Every structure is written in C-alpha cells, then in structure tokens.
$ cat input27.cif   # mmCIF, C-alpha atoms
data_run
#
loop_
_atom_site.group_PDB
_atom_site.id
_atom_site.type_symbol
_atom_site.label_atom_id
_atom_site.label_comp_id
_atom_site.auth_asym_id
_atom_site.auth_seq_id
_atom_site.Cartn_x
_atom_site.Cartn_y
_atom_site.Cartn_z
ATOM 1 C CA MET X 11 -32.842 -5.060 -12.763
ATOM 2 C CA SER X 12 -29.554 -6.573 -13.932
ATOM 3 C CA LEU X 13 -28.250 -8.531 -16.912
ATOM 4 C CA ARG X 14 -25.943 -11.452 -16.201
ATOM 5 C CA PRO X 15 -24.803 -14.806 -17.642
ATOM 6 C CA PHE X 16 -27.054 -17.840 -17.304
ATOM 7 C CA ARG X 17 -26.689 -20.030 -14.210
ATOM 8 C CA LEU X 18 -27.704 -23.666 -13.920
ATOM 9 C CA ASP X 19 -30.481 -22.922 -11.439
ATOM 10 C CA ASP X 20 -32.080 -20.518 -13.966
ATOM 11 C CA ALA X 21 -33.156 -23.389 -16.226
ATOM 12 C CA PRO X 22 -36.629 -24.116 -14.731
ATOM 13 C CA ALA X 23 -37.676 -20.455 -14.778
ATOM 14 C CA LEU X 24 -36.413 -19.947 -18.329
ATOM 15 C CA ALA X 25 -38.323 -23.016 -19.518
ATOM 16 C CA THR X 26 -41.511 -21.617 -17.968
ATOM 17 C CA LEU X 27 -40.913 -18.262 -19.646
ATOM 18 C CA ALA X 28 -40.215 -19.835 -23.056
ATOM 19 C CA ALA X 29 -43.241 -22.138 -22.891
ATOM 20 C CA ALA X 30 -45.553 -19.217 -22.113
ATOM 21 C CA CYS X 31 -44.449 -17.445 -25.298
ATOM 22 C CA ALA X 32 -44.648 -20.530 -27.518
ATOM 23 C CA ARG X 33 -48.377 -20.918 -26.858
ATOM 24 C CA SER X 34 -49.416 -17.687 -28.599
ATOM 25 C CA GLU X 35 -49.067 -16.814 -32.293
ATOM 26 C CA THR X 36 -48.516 -13.158 -31.428
ATOM 27 C CA ASP X 37 -45.620 -14.060 -29.096
ATOM 28 C CA PHE X 38 -44.098 -17.015 -30.923
ATOM 29 C CA VAL X 39 -40.351 -17.278 -31.549
ATOM 30 C CA LEU X 40 -38.583 -20.331 -32.920
ATOM 31 C CA ASN X 41 -35.787 -20.121 -30.366
ATOM 32 C CA PRO X 42 -36.239 -20.582 -27.467
ATOM 33 C CA MET X 43 -38.800 -23.395 -27.662
ATOM 34 C CA TRP X 44 -38.302 -25.049 -24.289
ATOM 35 C CA ASP X 45 -40.861 -26.854 -22.163
ATOM 36 C CA SER X 46 -38.625 -28.045 -19.327
ATOM 37 C CA ALA X 47 -35.284 -27.453 -17.656
ATOM 38 C CA ASP X 48 -33.957 -30.586 -19.386
ATOM 39 C CA GLU X 49 -34.830 -29.063 -22.758
ATOM 40 C CA VAL X 50 -32.993 -25.846 -21.881
ATOM 41 C CA LEU X 51 -29.818 -27.720 -21.003
ATOM 42 C CA GLY X 52 -30.269 -30.275 -23.799
ATOM 43 C CA ASP X 53 -30.357 -27.573 -26.457
ATOM 44 C CA PHE X 54 -26.921 -26.283 -25.502
ATOM 45 C CA ALA X 55 -25.555 -29.794 -24.968
ATOM 46 C CA ARG X 56 -26.548 -30.892 -28.474
ATOM 47 C CA HIS X 57 -24.653 -27.917 -29.904
ATOM 48 C CA GLY X 58 -21.636 -28.704 -27.725
ATOM 49 C CA ILE X 59 -21.518 -25.244 -26.161
ATOM 50 C CA ASP X 60 -21.709 -23.768 -22.670
ATOM 51 C CA ALA X 61 -25.026 -22.113 -21.812
ATOM 52 C CA ALA X 62 -23.378 -19.650 -19.410
ATOM 53 C CA THR X 63 -21.196 -18.337 -22.252
ATOM 54 C CA HIS X 64 -24.013 -17.985 -24.777
ATOM 55 C CA LEU X 65 -27.085 -16.918 -22.808
ATOM 56 C CA LEU X 66 -27.839 -13.681 -20.941
ATOM 57 C CA VAL X 67 -30.694 -13.350 -18.463
ATOM 58 C CA ALA X 68 -32.329 -10.395 -16.756
ATOM 59 C CA ASP X 69 -33.498 -10.559 -13.164
ATOM 60 C CA ASP X 70 -34.877 -8.166 -10.577
ATOM 61 C CA GLU X 71 -33.563 -7.329 -7.139
ATOM 62 C CA GLY X 72 -35.350 -10.337 -5.680
ATOM 63 C CA GLY X 73 -33.766 -12.702 -8.201
ATOM 64 C CA ALA X 74 -36.944 -13.285 -10.273
ATOM 65 C CA LEU X 75 -36.203 -13.966 -13.949
ATOM 66 C CA LEU X 76 -37.556 -11.245 -16.234
ATOM 67 C CA GLY X 77 -36.125 -12.155 -19.634
ATOM 68 C CA MET X 78 -33.379 -13.748 -21.724
ATOM 69 C CA ALA X 79 -31.507 -13.554 -25.030
ATOM 70 C CA GLY X 80 -28.471 -15.293 -26.488
ATOM 71 C CA PHE X 81 -27.182 -17.639 -29.179
ATOM 72 C CA LEU X 82 -26.999 -21.237 -30.323
ATOM 73 C CA ARG X 83 -24.100 -22.268 -32.566
ATOM 74 C CA ARG X 84 -21.518 -24.943 -33.150
ATOM 75 C CA PRO X 85 -18.390 -24.649 -30.987
ATOM 76 C CA SER X 86 -16.346 -21.606 -32.086
ATOM 77 C CA GLY X 87 -18.565 -21.099 -35.150
ATOM 78 C CA ASP X 88 -19.044 -17.574 -36.484
ATOM 79 C CA LEU X 89 -22.618 -18.314 -37.632
ATOM 80 C CA ALA X 90 -25.265 -18.450 -34.902
ATOM 81 C CA GLY X 91 -28.968 -18.731 -34.314
ATOM 82 C CA LEU X 92 -30.426 -16.032 -32.100
ATOM 83 C CA ILE X 93 -32.246 -16.982 -28.927
ATOM 84 C CA CYS X 94 -34.693 -14.135 -29.392
ATOM 85 C CA PRO X 95 -35.382 -11.767 -26.516
ATOM 86 C CA VAL X 96 -38.196 -13.198 -24.416
ATOM 87 C CA VAL X 97 -39.585 -11.020 -21.651
ATOM 88 C CA SER X 98 -42.100 -11.774 -18.912
ATOM 89 C CA ARG X 99 -45.506 -10.237 -19.540
ATOM 90 C CA ARG X 100 -45.311 -7.858 -16.593
ATOM 91 C CA GLU X 101 -42.107 -6.311 -17.988
ATOM 92 C CA ARG X 102 -43.215 -5.833 -21.582
ATOM 93 C CA GLY X 103 -43.369 -2.348 -23.020
ATOM 94 C CA ARG X 104 -40.552 -1.098 -20.798
ATOM 95 C CA GLY X 105 -37.650 -1.569 -23.208
ATOM 96 C CA LEU X 106 -36.211 -4.728 -21.671
ATOM 97 C CA GLY X 107 -36.440 -6.683 -24.942
ATOM 98 C CA GLY X 108 -34.354 -4.084 -26.739
ATOM 99 C CA GLN X 109 -31.864 -3.944 -23.894
ATOM 100 C CA LEU X 110 -31.439 -7.729 -23.968
ATOM 101 C CA LEU X 111 -31.055 -7.762 -27.755
ATOM 102 C CA ARG X 112 -28.410 -5.021 -27.768
ATOM 103 C CA ALA X 113 -26.490 -6.695 -24.959
ATOM 104 C CA ALA X 114 -26.608 -10.093 -26.688
ATOM 105 C CA LEU X 115 -25.436 -8.700 -30.042
ATOM 106 C CA ALA X 116 -22.566 -6.823 -28.391
ATOM 107 C CA HIS X 117 -21.618 -9.998 -26.516
ATOM 108 C CA GLY X 118 -21.747 -11.955 -29.773
ATOM 109 C CA VAL X 119 -19.276 -9.602 -31.408
ATOM 110 C CA ASP X 120 -16.936 -8.860 -28.516
ATOM 111 C CA GLU X 121 -16.795 -12.230 -26.753
ATOM 112 C CA LEU X 122 -17.978 -14.920 -29.169
ATOM 113 C CA GLY X 123 -16.680 -13.758 -32.550
ATOM 114 C CA ILE X 124 -20.056 -14.210 -34.241
ATOM 115 C CA LYS X 125 -20.339 -12.665 -37.715
ATOM 116 C CA LEU X 126 -23.799 -13.676 -38.933
ATOM 117 C CA VAL X 127 -26.947 -14.148 -36.825
ATOM 118 C CA THR X 128 -30.181 -15.799 -37.955
ATOM 119 C CA ALA X 129 -33.467 -15.380 -36.090
ATOM 120 C CA GLY X 130 -36.791 -17.190 -36.484
ATOM 121 C CA ILE X 131 -39.926 -15.380 -35.381
ATOM 122 C CA GLY X 132 -43.622 -16.067 -35.785
ATOM 123 C CA ALA X 133 -45.165 -14.247 -38.753
ATOM 124 C CA ARG X 134 -47.817 -12.757 -36.428
ATOM 125 C CA ASN X 135 -45.337 -11.642 -33.796
ATOM 126 C CA HIS X 136 -45.372 -8.041 -35.002
ATOM 127 C CA ALA X 137 -43.709 -6.598 -31.915
ATOM 128 C CA GLY X 138 -40.843 -9.067 -32.099
ATOM 129 C CA TYR X 139 -40.419 -8.499 -35.830
ATOM 130 C CA ALA X 140 -40.274 -4.740 -35.301
ATOM 131 C CA LEU X 141 -37.679 -5.167 -32.555
ATOM 132 C CA LEU X 142 -35.412 -7.220 -34.806
ATOM 133 C CA ALA X 143 -35.923 -4.982 -37.837
ATOM 134 C CA GLY X 144 -35.071 -1.948 -35.724
ATOM 135 C CA ALA X 145 -31.786 -3.610 -34.774
ATOM 136 C CA GLY X 146 -30.839 -4.151 -38.425
ATOM 137 C CA PHE X 147 -32.184 -7.653 -39.083
ATOM 138 C CA ARG X 148 -33.535 -8.220 -42.600
ATOM 139 C CA PRO X 149 -35.976 -10.906 -43.804
ATOM 140 C CA VAL X 150 -34.491 -13.634 -45.992
ATOM 141 C CA ARG X 151 -37.124 -16.417 -46.205
ATOM 142 C CA GLN X 152 -40.107 -18.077 -44.586
ATOM 143 C CA HIS X 153 -40.586 -21.558 -43.162
ATOM 144 C CA VAL X 154 -43.538 -23.483 -41.862
ATOM 145 C CA LEU X 155 -43.246 -25.256 -38.534
ATOM 146 C CA MET X 156 -45.284 -28.474 -38.747
ATOM 147 C CA ARG X 157 -46.454 -30.533 -35.798
ATOM 148 C CA CYS X 158 -47.705 -34.087 -35.301
ATOM 149 C CA ASP X 159 -49.494 -34.884 -32.019
ATOM 150 C CA GLU X 160 -50.668 -38.450 -32.656
ATOM 151 C CA THR X 161 -48.800 -41.689 -33.204
ATOM 152 C CA PRO X 162 -48.503 -42.213 -36.968
ATOM 153 C CA LYS X 163 -50.534 -45.162 -38.169
ATOM 154 C CA PRO X 164 -48.367 -47.980 -39.527
ATOM 155 C CA THR X 165 -48.485 -48.479 -43.276
ATOM 156 C CA PRO X 166 -46.796 -51.197 -45.329
ATOM 157 C CA PRO X 167 -43.674 -50.174 -47.279
ATOM 158 C CA PRO X 168 -44.844 -48.714 -50.613
ATOM 159 C CA VAL X 169 -42.341 -50.617 -52.758
ATOM 160 C CA GLU X 170 -42.092 -54.382 -53.065
ATOM 161 C CA GLY X 171 -39.154 -55.874 -51.195
ATOM 162 C CA LEU X 172 -38.668 -52.762 -49.060
ATOM 163 C CA VAL X 173 -38.122 -53.099 -45.297
ATOM 164 C CA PHE X 174 -38.127 -50.332 -42.670
ATOM 165 C CA GLU X 175 -35.868 -50.861 -39.663
ATOM 166 C CA ALA X 176 -33.593 -49.133 -37.181
ATOM 167 C CA ALA X 177 -30.212 -48.151 -38.578
ATOM 168 C CA ARG X 178 -27.108 -50.105 -37.661
ATOM 169 C CA ALA X 179 -23.657 -48.664 -37.104
ATOM 170 C CA THR X 180 -22.547 -50.377 -40.315
ATOM 171 C CA ASP X 181 -25.107 -48.317 -42.287
ATOM 172 C CA ALA X 182 -23.190 -45.066 -41.753
ATOM 173 C CA GLU X 183 -21.472 -44.977 -45.152
ATOM 174 C CA ALA X 184 -24.672 -45.717 -47.078
ATOM 175 C CA ILE X 185 -26.616 -43.117 -45.074
ATOM 176 C CA HIS X 186 -23.883 -40.556 -45.641
ATOM 177 C CA GLU X 187 -23.838 -41.229 -49.386
ATOM 178 C CA ILE X 188 -27.588 -40.605 -49.658
ATOM 179 C CA TYR X 189 -27.295 -37.566 -47.378
ATOM 180 C CA GLU X 190 -24.671 -36.028 -49.651
ATOM 181 C CA SER X 191 -26.680 -36.785 -52.799
ATOM 182 C CA CYS X 192 -29.629 -34.807 -51.414
ATOM 183 C CA GLY X 193 -27.649 -31.569 -51.167
ATOM 184 C CA PHE X 194 -28.030 -31.120 -47.418
ATOM 185 C CA GLU X 195 -25.592 -29.038 -45.375
ATOM 186 C CA SER X 196 -22.142 -30.550 -45.791
ATOM 187 C CA ARG X 197 -20.826 -32.737 -42.990
ATOM 188 C CA THR X 198 -18.208 -35.426 -42.613
ATOM 189 C CA LEU X 199 -18.649 -39.176 -42.656
ATOM 190 C CA ASP X 200 -17.214 -39.257 -39.141
ATOM 191 C CA ALA X 201 -20.021 -36.935 -37.993
ATOM 192 C CA THR X 202 -22.620 -39.250 -39.495
ATOM 193 C CA ARG X 203 -20.959 -42.228 -37.802
ATOM 194 C CA SER X 204 -21.029 -40.464 -34.442
ATOM 195 C CA PHE X 205 -24.737 -39.624 -34.742
ATOM 196 C CA ILE X 206 -26.015 -43.148 -35.371
ATOM 197 C CA PRO X 207 -25.357 -44.645 -31.928
ATOM 198 C CA GLY X 208 -25.796 -41.300 -30.134
ATOM 199 C CA ARG X 209 -28.471 -40.508 -27.553
ATOM 200 C CA ARG X 210 -29.420 -37.268 -29.280
ATOM 201 C CA HIS X 211 -30.225 -38.778 -32.684
ATOM 202 C CA ALA X 212 -32.280 -41.695 -33.962
ATOM 203 C CA HIS X 213 -31.910 -43.155 -37.451
ATOM 204 C CA ALA X 214 -34.132 -45.507 -39.403
ATOM 205 C CA VAL X 215 -33.456 -46.891 -42.874
ATOM 206 C CA ALA X 216 -35.347 -48.326 -45.803
ATOM 207 C CA ARG X 217 -33.572 -51.451 -46.979
ATOM 208 C CA GLN X 218 -34.064 -53.255 -50.282
ATOM 209 C CA ALA X 219 -32.243 -56.486 -51.116
ATOM 210 C CA GLY X 220 -29.953 -55.790 -48.164
ATOM 211 C CA HIS X 221 -28.993 -52.299 -49.346
ATOM 212 C CA VAL X 222 -29.889 -48.992 -47.687
ATOM 213 C CA VAL X 223 -32.011 -46.980 -50.142
ATOM 214 C CA GLY X 224 -33.388 -44.352 -47.778
ATOM 215 C CA PHE X 225 -32.954 -42.938 -44.300
ATOM 216 C CA VAL X 226 -34.563 -40.610 -41.780
ATOM 217 C CA GLU X 227 -32.619 -38.775 -39.082
ATOM 218 C CA LEU X 228 -34.485 -37.600 -36.001
ATOM 219 C CA GLU X 229 -33.097 -35.246 -33.400
ATOM 220 C CA THR X 230 -34.072 -36.708 -30.040
ATOM 221 C CA HIS X 231 -32.305 -34.365 -27.638
ATOM 222 C CA TRP X 232 -35.858 -33.513 -26.528
ATOM 223 C CA PRO X 233 -37.208 -37.076 -26.171
ATOM 224 C CA ARG X 234 -40.836 -36.007 -25.787
ATOM 225 C CA ARG X 235 -40.649 -33.772 -28.887
ATOM 226 C CA PRO X 236 -38.404 -35.285 -31.572
ATOM 227 C CA TRP X 237 -37.576 -33.256 -34.670
ATOM 228 C CA VAL X 238 -37.474 -34.689 -38.171
ATOM 229 C CA ALA X 239 -34.067 -33.385 -39.241
ATOM 230 C CA TYR X 240 -33.282 -35.113 -42.557
ATOM 231 C CA VAL X 241 -35.008 -37.533 -44.900
ATOM 232 C CA GLY X 242 -33.182 -38.930 -47.922
ATOM 233 C CA VAL X 243 -34.095 -41.500 -50.575
ATOM 234 C CA MET X 244 -32.115 -42.879 -53.509
ATOM 235 C CA PRO X 245 -33.082 -41.086 -56.767
ATOM 236 C CA GLY X 246 -34.780 -44.094 -58.371
ATOM 237 C CA LEU X 247 -37.213 -44.459 -55.456
ATOM 238 C CA ARG X 248 -38.147 -40.838 -54.853
ATOM 239 C CA ASP X 249 -41.762 -39.628 -55.053
ATOM 240 C CA ARG X 250 -43.085 -43.116 -54.341
ATOM 241 C CA GLY X 251 -43.937 -42.718 -50.659
ATOM 242 C CA VAL X 252 -40.718 -44.212 -49.327
ATOM 243 C CA GLY X 253 -39.694 -41.118 -47.352
ATOM 244 C CA SER X 254 -43.088 -40.480 -45.740
ATOM 245 C CA GLY X 255 -43.518 -44.164 -44.940
ATOM 246 C CA LEU X 256 -40.119 -44.290 -43.294
ATOM 247 C CA VAL X 257 -40.799 -41.111 -41.293
ATOM 248 C CA GLY X 258 -44.071 -42.579 -40.045
ATOM 249 C CA TRP X 259 -42.356 -45.831 -39.059
ATOM 250 C CA ALA X 260 -39.548 -44.021 -37.204
ATOM 251 C CA LEU X 261 -41.893 -41.660 -35.373
ATOM 252 C CA ALA X 262 -44.210 -44.495 -34.322
ATOM 253 C CA ARG X 263 -41.214 -45.961 -32.464
ATOM 254 C CA GLU X 264 -40.527 -42.632 -30.747
ATOM 255 C CA PHE X 265 -44.171 -42.202 -29.726
ATOM 256 C CA GLY X 266 -44.118 -45.733 -28.398
ATOM 257 C CA ALA X 267 -41.117 -44.785 -26.267
ATOM 258 C CA GLY X 268 -42.882 -41.764 -24.741
ATOM 259 C CA ALA X 269 -42.832 -38.934 -27.304
ATOM 260 C CA THR X 270 -45.992 -36.820 -27.396
ATOM 261 C CA THR X 271 -45.274 -34.465 -30.310
ATOM 262 C CA ALA X 272 -43.055 -34.425 -33.397
ATOM 263 C CA LEU X 273 -41.887 -31.275 -35.185
ATOM 264 C CA LEU X 274 -40.267 -30.311 -38.476
ATOM 265 C CA MET X 275 -39.491 -27.200 -40.534
ATOM 266 C CA LEU X 276 -40.359 -26.937 -44.198
ATOM 267 C CA SER X 277 -40.283 -24.374 -46.979
ATOM 268 C CA PRO X 278 -43.838 -23.343 -47.893
ATOM 269 C CA ALA X 279 -42.906 -23.753 -51.574
ATOM 270 C CA ASN X 280 -42.260 -27.490 -51.147
ATOM 271 C CA ARG X 281 -45.825 -28.646 -51.804
ATOM 272 C CA THR X 282 -44.821 -32.242 -52.516
ATOM 273 C CA ALA X 283 -43.204 -32.555 -49.097
ATOM 274 C CA PHE X 284 -46.231 -30.887 -47.496
ATOM 275 C CA ARG X 285 -48.559 -33.533 -48.868
ATOM 276 C CA ALA X 286 -46.180 -36.326 -47.854
ATOM 277 C CA TYR X 287 -45.890 -35.129 -44.259
ATOM 278 C CA GLU X 288 -49.621 -34.535 -43.996
ATOM 279 C CA LYS X 289 -50.073 -38.233 -44.804
ATOM 280 C CA VAL X 290 -47.889 -39.013 -41.787
ATOM 281 C CA GLY X 291 -50.088 -36.819 -39.561
ATOM 282 C CA PHE X 292 -48.300 -33.469 -39.549
ATOM 283 C CA ARG X 293 -50.261 -30.223 -39.668
ATOM 284 C CA ARG X 294 -49.218 -26.598 -40.041
ATOM 285 C CA PHE X 295 -48.496 -25.101 -36.632
ATOM 286 C CA ARG X 296 -46.729 -21.763 -37.141
ATOM 287 C CA MET X 297 -45.497 -19.675 -40.073
ATOM 288 C CA VAL X 298 -41.988 -18.454 -39.256
ATOM 289 C CA ASP X 299 -40.145 -15.466 -40.727
ATOM 290 C CA VAL X 300 -36.365 -15.933 -40.895
ATOM 291 C CA LEU X 301 -34.253 -12.806 -40.535
ATOM 292 C CA GLU X 302 -30.483 -12.260 -40.664
ATOM 293 C CA LYS X 303 -28.000 -9.687 -39.478
ATOM 294 C CA ARG X 304 -24.267 -9.375 -40.094
ATOM 295 C CA LEU X 305 -22.338 -8.270 -37.049
#

$ encode --input "input27.cif" --output "structure tokens"
Amino acid sequence: MSLRPFRLDDAPALATLAAACARSETDFVLNPMWDSADEVLGDFARHGIDAATHLLVADDEGGALLGMAGFLRRPSGDLAGLICPVVSRRERGRGLGGQLLRAALAHGVDELGIKLVTAGIGARNHAGYALLAGAGFRPVRQHVLMRCDETPKPTPPPVEGLVFEAARATDAEAIHEIYESCGFESRTLDATRSFIPGRRHAHAVARQAGHVVGFVELETHWPRRPWVAYVGVMPGLRDRGVGSGLVGWALAREFGAGATTALLMLSPANRTAFRAYEKVGFRRFRMVDVLEKRL
C-alpha cells in the first residue's frame, strides 16, 4: 500500500468510494460528498485549487484505490475544510484512516501553509469522530444537512407587487448590499459580480417596483445537486415568506433543468428557517458535528 497525490484518472474510483460512505449514517462525512467524477473535479474547480496538490490517495500494489484524505480551501488560504479520511470497507480496522489523516495534516502544515482545519462528520459516525478527536480535533458546533428531492411547487409571491425572476448582471450591487446587510461572510462586490453570470452559481431575485428586495444564491457546480448557499431579504420584508418563496422559485428552475436533489446546511437553533425550508420541501437528512484543529 502507498500514499500518493491524486491523479486525474483516480476521480471515478474516488467518487464511488465517497458515494458508498454518504449512504450510511454511521459512515457519513460532509466532505467528500461526491457522486461522480465530474463532482470530484468540480469541487476543486469551484475553489480554484489543484486537486493533485490538496488530495492524497492510498492504493494497493495493483493500483486499486483504498482511501483518501485532503483539503478544500480558497487559493493560498490558511483556513481549510478537511476532506475526511474515507477508506474502503475491506481496509477498515487496519489503521489506514489514521495514516491518511496524519499524512494529510502533515502535508497541510509543511506544503500548504494551513493553520486551521474544519471537519464535518455525521453525528452517528462514532468511529470517524473518535479518529478526529484522537488527532486533536475539538467540537465547535452542529449543523443540520437538509435535502429536497422533489420539484418545489410554485406559489405566488407572498407580497403584493413582488416578482420573482432570474438575476441580471446589473443587479450585482443591489444583491451585494443585501448580502452585506445579512452579516454573511465578507466578500467583495467584484466577487458578487463575477458569480452572477458564472456557470457555478445561479441567482434569482425578488423585485418590487423595479428594485431588488431579496435574492437567493445557489451553488450549481454540481448541476444535479444544487446547494442553497445564501438567501437575503431587505429588513422590511423579512419573515413574510419572501425568502422561502424565492428559494422555491429558483429551485423549480434547477429541477426543470435536470437537478434531482437540492441541499443546504442550517443551524439547528434556527427554527424559523427550518419551518420556511420545510415549506419549500426540504427535510432533515443528516445531523453534522463540526470540529476544528489548529495546525
């Protein structure tokens, strides 16, 4: 058995390995969540990083893939998300997961300059939790992964004079203003501008009297499984169903274009958002523990 950097022809086997783990609550990890080779490559492409630099794989003498571990991050960033060690069933219990984790963490420090690592692991994945805790990871919060498997039913806009439609390039400043008012992770106006016409994002807006009063941003780097990334509404229209209505409208378009599932992450304490997304058709899928480690 050997550990080596990822190669392009590894992608199909890694997708198969990741998908096998995602189906079980006792195996579930948030990253990797890949169903196809395109999703493997798309995940690194959307972060703007090279998979070969950030992902280690283990194989046997015959070249069969046995496991993987690595990182996702922004280019040159010192904060990273862990691609948790995933090991084929026939190799479990032999220490390969720990070997992959130690090798990845050492690589993160020595070669990538990573200082803080975050990992998401299913709350019932006791073996994976123990592996991370043994390596010095500490729990910091929980999230719920929600999933929608049916096309949201169209509903009329909940406020008179409101219209839902696809965002235009000229909406970037208004979207960015609402984004900033919601307290999301800071980003530049230029970044927002670049996302609107991009292939890896889809934006829809709520417009009233010609003005943008709400937006939803979907990550569509996995076209069959879009993620609801951000939803923002002007303060005077919040808690009136604008956000959930807009999410439903935007996702109906994605399902019509071939999506089969939509996903989002949510704090379990946000009960108002839970109810809103349940109206759209989302249901709880996995409880995820988030752990961190400083390197």

$ residues_around --input "input27.cif" --residues "stretch 283-291 of chain X" --least-positions-apart "5" --cutoff "9 Å" --atoms "only C-alpha atoms" --output "ChimeraX atom specification"
/X:156-163,251,253-255,257-258,276-278

$ closest_atom_pairs --input "input27.cif" --of "stretch 42-78 of chain X" --to "stretch 230-236 of chain X" --cutoff "10 Å" --atoms "only C-alpha atoms" --output "tab-separated table"
residue	atom	partner	partner_atom	distance
X:Trp44	CA	X:Trp232	CA	9.1
X:Asp45	CA	X:Trp232	CA	9.4
X:Ser46	CA	X:Trp232	CA	9.5
X:Asp48	CA	X:Trp232	CA	7.9
X:Glu49	CA	X:Trp232	CA	5.9
X:Val50	CA	X:Trp232	CA	9.4
X:Leu51	CA	X:His231	CA	9.7
X:Gly52	CA	X:His231	CA	6.0
X:Asp53	CA	X:His231	CA	7.2
X:Phe54	CA	X:His231	CA	9.9
X:Ala55	CA	X:His231	CA	8.6
X:Arg56	CA	X:His231	CA	6.8

$ closest_residue --input "input27.cif" --among "X:Ala201, X:Leu274, X:Met11, X:Ala182" --to "X:Gln109" --atoms "only C-alpha atoms"
X:Met11

$ resolve_selection --input "input27.cif" --expression "the PyMOL selection byres ((chain X and resi 222) around 9)" --output "tab-separated table (two decimals) with C-alpha atoms, in the coordinates of the input"
chain	number	residue	atom	x	y	z
X	181	ASP	CA	-25.11	-48.32	-42.29
X	184	ALA	CA	-24.67	-45.72	-47.08
X	185	ILE	CA	-26.62	-43.12	-45.07
X	188	ILE	CA	-27.59	-40.60	-49.66
X	215	VAL	CA	-33.46	-46.89	-42.87
X	216	ALA	CA	-35.35	-48.33	-45.80
X	217	ARG	CA	-33.57	-51.45	-46.98
X	218	GLN	CA	-34.06	-53.26	-50.28
X	219	ALA	CA	-32.24	-56.49	-51.12
X	220	GLY	CA	-29.95	-55.79	-48.16
X	221	HIS	CA	-28.99	-52.30	-49.35
X	223	VAL	CA	-32.01	-46.98	-50.14
X	224	GLY	CA	-33.39	-44.35	-47.78
X	225	PHE	CA	-32.95	-42.94	-44.30
X	244	MET	CA	-32.12	-42.88	-53.51

$ closest_residue --input "input27.cif" --among "X:Gly208, X:Gly118, X:Pro42, X:Pro149" --to "X:Arg178" --atoms "all atoms listed in the file"
X:Gly208

$ residues_around --input "input27.cif" --residues "X:Ile93" --least-positions-apart "4" --cutoff "10 Å" --atoms "all atoms listed in the file" --output "list in words"
Val39, Leu40, Asn41, Pro42, Met43, His64, Leu65, Leu66, Met78, Ala79, Gly80, Phe81, Leu82, Leu111, Ala114, Val127, Thr128, Ala129 and Gly130 of chain X

$ residues_near_point --input "input27.cif" --point "(-21.8, -13.5, -11.0)" --cutoff "12 Å" --atoms "all atoms listed in the file" --output "PyMOL selection string"
chain X and resi 12-17+62+66-67

$ closest_residue --input "input27.cif" --among "X:Leu247, X:Asn135, X:Lys303, X:Arg293" --to "X:Arg33" --atoms "all atoms listed in the file"
X:Asn135

$ atom_distance --input "input27.cif" --atom1 "atom CA of X:Leu76" --atom2 "atom CA of X:Gly132"
21.0 Å

$ closest_residue --input "input27.cif" --among "X:Asp37, X:Asp70, X:Asp20, X:Glu121" --to "X:Val298" --atoms "all atoms listed in the file"
X:Asp37

$ closest_residue --input "input27.cif" --among "X:Ile131, X:Ala212, X:Ala272, X:Ala267" --to "X:Trp237" --atoms "all atoms listed in the file"
X:Ala272

$ atom_distance --input "input27.cif" --atom1 "atom CA of X:Gly87" --atom2 "atom CA of X:Leu75"
28.5 Å

$ resolve_selection --input "input27.cif" --expression "the PyMOL selection byres ((chain X and resi 150) around 9)" --output "list of chain:residue names"
X:Arg148, X:Pro149, X:Arg151, X:Gln152, X:Asp299, X:Val300, X:Leu301, X:Glu302

$ build_atoms --input "input27.cif" --residues "stretch 171-185 of chain X" --atoms "N, CA and C atoms" --output "tab-separated table (two decimals), keeping the file's coordinate frame"
chain	number	residue	atom	x	y	z
X	171	GLY	N	-40.49	-55.49	-51.65
X	171	GLY	CA	-39.15	-55.87	-51.20
X	171	GLY	C	-38.50	-54.87	-50.28
X	172	LEU	N	-39.23	-53.80	-49.93
X	172	LEU	CA	-38.67	-52.76	-49.06
X	172	LEU	C	-38.96	-53.10	-47.61
X	173	VAL	N	-37.98	-52.85	-46.73
X	173	VAL	CA	-38.12	-53.10	-45.30
X	173	VAL	C	-37.70	-51.85	-44.55
X	174	PHE	N	-38.49	-51.43	-43.55
X	174	PHE	CA	-38.13	-50.33	-42.67
X	174	PHE	C	-37.58	-50.91	-41.37
X	175	GLU	N	-36.45	-50.38	-40.91
X	175	GLU	CA	-35.87	-50.86	-39.66
X	175	GLU	C	-34.92	-49.83	-39.09
X	176	ALA	N	-34.55	-50.03	-37.83
X	176	ALA	CA	-33.59	-49.13	-37.18
X	176	ALA	C	-32.24	-49.27	-37.84
X	177	ALA	N	-31.53	-48.14	-37.95
X	177	ALA	CA	-30.21	-48.15	-38.58
X	177	ALA	C	-29.20	-48.87	-37.70
X	178	ARG	N	-28.23	-49.47	-38.35
X	178	ARG	CA	-27.11	-50.10	-37.66
X	178	ARG	C	-25.87	-49.23	-37.84
X	179	ALA	N	-24.89	-49.43	-36.98
X	179	ALA	CA	-23.66	-48.66	-37.10
X	179	ALA	C	-23.00	-48.88	-38.46
X	180	THR	N	-23.16	-50.07	-39.02
X	180	THR	CA	-22.55	-50.38	-40.32
X	180	THR	C	-23.26	-49.70	-41.49
X	181	ASP	N	-24.38	-49.02	-41.22
X	181	ASP	CA	-25.11	-48.32	-42.29
X	181	ASP	C	-24.59	-46.90	-42.51
X	182	ALA	N	-23.61	-46.47	-41.73
X	182	ALA	CA	-23.19	-45.07	-41.75
X	182	ALA	C	-22.76	-44.61	-43.15
X	183	GLU	N	-21.96	-45.41	-43.84
X	183	GLU	CA	-21.47	-44.98	-45.15
X	183	GLU	C	-22.61	-44.84	-46.15
X	184	ALA	N	-23.54	-45.78	-46.15
X	184	ALA	CA	-24.67	-45.72	-47.08
X	184	ALA	C	-25.56	-44.52	-46.76
X	185	ILE	N	-25.81	-44.27	-45.47
X	185	ILE	CA	-26.62	-43.12	-45.07
X	185	ILE	C	-25.92	-41.83	-45.51
